[in-house]
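K.L.:
Take this structure, written in structure tokens, and hold onto it; I'll ask about it next.
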Amino acid sequence: MNDMTTLPVTDAPALEMQGVTFIHRGQRLLGPLDLHLTGCRRTLVMGPNGAGKSLLMRLAHGLLPPNAGRVHWEGRPPRQAMVFQRPVLLRRSALANLAYALAVNGTSRRDRKSRAREALERFGLAALEKRPARVLSGGEQQRLALARAWLLDPDVLFLDEPTSALDPAAIKAVEDAVQEFHHRGTRIVMSSHDLHQARRLADDVLFLCRGRLIEHTPAETFFTAPATSQARAFIRGELVL
Ligand SMILES: Nc1ncnc2c1ncn2[C@@H]1O[C@H](COP(=O)(O)OP(=O)(O)OP(=O)(O)O)[C@@H](O)[C@H]1O
């Protein structure tokens, strides 16, 4: 677990969710949910399958509109990026994927390739710059997605189960990248099923069950003294319905 006193100083905008509810075909899948995230923390979103972790992050990131309630960023609008379990990459080379993201972001044509190459280097992908992104291995694709997010210098990075399909070495590469983002001052909001990973990374934990946010506590409290029977069962590795 991480020392809360060593968090980087940041002016990243705080996220406020009030009464956020997502309904599909008459069924309430998430909420109503209130949440306030401040500071440059690593927040791990945990809970059983179907609890609403992805929905929560997609709503917070603005990919889905809520049916009720509001998602509000205090202060200036944040720069945001999101990394998914299966990276969404263009049918182009690794380098071209990054250059395209920079073009969309308004980077001048002159600077795109050099900046893209720096990011490939940082994420250990320099030798693969010409390779079509879609034939890269799962771990390489995830690093490419992280390199693309890195170029956007986000205030907030959402990661939706980014390591669930990866082997231990690739998981470590993703976790190292998460720490680098954090040290640069990016707020992390990441879902994971992996309790060991959460213990390694989390400053605080959001625990969801059946579309409800039932705990939001510092990681230490979550792992040593969870408040709910569902979280206690989840930590013990029991089936939580
Ligand atoms: N865009 C959508 N439209 C309709 N239903 C959705 C949508 N996204 C998710 N759901 C449903 O909402 C519920 C919560 O899904 P979600 O993907 O958020 O769960 P999760 O906690 O991330 O689960 P897992 O750990 O299995 O990935 C599920 O029943 C899912 O089928």
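Naming scheme: A, B, ... for chains in displayed order of the structure tokens; residues 1 onward per chain; ligands 1 onward as shown.
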Using only C-alpha atoms and all ligand atoms, determine which residues fall within 7 Å of ligand 1, then list them as a list in words.
P.N.:
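Those residues are His24, Leu29, Gly47, Pro48, Asn49, Gly50, Ala51, Gly52, Lys53, Ser54, Leu55, Leu56, His193 and Gly211 of chain A.
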K.L.:
Leaving out segment 80-93 of chain A and any residue of its chain fewer than 6 positions from it, which residues lie within 8 Å of it when counting only C-alpha atoms, given as a VMD selection string?
P.N.:
chain A and resid 61 129 to 134 138 141 to 142 145 to 146 149 152 154 to 165
K.L.:
Can you write just those residues out, C-alpha atoms, as a PDB file, in the first residue's frame?
P.N.:
```
ATOM      1  CA  HIS A  61     -14.913   9.884 -18.774  1.00  0.00           C
ATOM      2  CA  GLU A 129       7.756   1.609 -34.777  1.00  0.00           C
ATOM      3  CA  LYS A 130       7.078   0.356 -38.316  1.00  0.00           C
ATOM      4  CA  ARG A 131       5.100  -2.704 -37.274  1.00  0.00           C
ATOM      5  CA  PRO A 132       1.329  -2.622 -37.892  1.00  0.00           C
ATOM      6  CA  ALA A 133      -0.198  -1.838 -34.497  1.00  0.00           C
ATOM      7  CA  ARG A 134      -2.797  -4.574 -34.795  1.00  0.00           C
ATOM      8  CA  GLY A 138      -1.351  -7.945 -26.307  1.00  0.00           C
ATOM      9  CA  GLN A 141      -0.547  -3.091 -27.792  1.00  0.00           C
ATOM     10  CA  GLN A 142      -1.282  -2.088 -24.223  1.00  0.00           C
ATOM     11  CA  ALA A 145      -2.093   2.586 -25.844  1.00  0.00           C
ATOM     12  CA  LEU A 146      -0.267   3.894 -22.766  1.00  0.00           C
ATOM     13  CA  ALA A 149      -2.155   8.424 -23.532  1.00  0.00           C
ATOM     14  CA  LEU A 152      -1.795  13.652 -24.345  1.00  0.00           C
ATOM     15  CA  PRO A 154      -3.689  13.825 -19.213  1.00  0.00           C
ATOM     16  CA  ASP A 155      -4.774  15.247 -15.873  1.00  0.00           C
ATOM     17  CA  VAL A 156      -6.805  12.074 -15.430  1.00  0.00           C
ATOM     18  CA  LEU A 157      -6.141   8.611 -16.825  1.00  0.00           C
ATOM     19  CA  PHE A 158      -8.895   5.998 -16.731  1.00  0.00           C
ATOM     20  CA  LEU A 159      -7.781   2.385 -17.152  1.00  0.00           C
ATOM     21  CA  ASP A 160     -10.446  -0.286 -17.527  1.00  0.00           C
ATOM     22  CA  GLU A 161      -8.965  -3.660 -16.514  1.00  0.00           C
ATOM     23  CA  PRO A 162      -5.810  -2.920 -18.521  1.00  0.00           C
ATOM     24  CA  THR A 163      -3.924  -6.017 -17.378  1.00  0.00           C
ATOM     25  CA  SER A 164      -6.573  -8.732 -17.278  1.00  0.00           C
ATOM     26  CA  ALA A 165      -5.370 -10.407 -20.498  1.00  0.00           C
TER      27      ALA A 165
END
```
K.L.:
Report as a list in words all protein, DNA and RNA residues lying within 8 Å of segment 113-117 of chain A, evaluated on only C-alpha atoms, omitting residues in the same chain fewer than 3 positions from it.
P.N.:
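My list of contacting residues is Leu95, Leu98, Ala99, Leu102, Arg109, Arg110, Leu120, Glu121, Ala126, Glu129 and Leu151 of chain A.
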K.L.:
Using C-alpha atoms, can you export the residues from the last selection as a compact mmCIF listing (two decimals), in the first residue's frame?
P.N.:
```txt
# COMPACT_ATOMS: atom_id res chain seq x y z
CA LEU A 95 4.45 5.19 -35.04
CA LEU A 98 0.91 7.95 -32.10
CA ALA A 99 1.44 10.57 -34.82
CA LEU A 102 -0.80 14.05 -31.87
CA ARG A 109 3.28 18.26 -38.31
CA ARG A 110 6.96 19.08 -37.79
CA LEU A 120 7.81 4.72 -28.25
CA GLU A 121 11.26 4.79 -26.68
CA ALA A 126 11.24 1.86 -30.41
CA GLU A 129 7.76 1.61 -34.78
CA LEU A 151 1.49 12.03 -25.35
```
K.L.:
Nearest residue to Ala219 of chain A out of A:Arg70, A:Arg76, A:His196, A:Arg148, using only C-alpha atoms?
P.N.:
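Using only C-alpha atoms, the shortest distance to Ala219 of chain A belongs to A:His196.
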K.L.:
Quick one: everything within 7 Å of Leu201 of chain A, counting only C-alpha atoms, minus sequence neighbours fewer than 2 positions away in the same chain. Send it as a count of residues only.
P.N.:
6
K.L.:
Just the number, please: distance in Å from atom CA of Ala14 of chain A to atom CA of Leu144 of chain A, one decimal.
P.N.:
27.5 Å
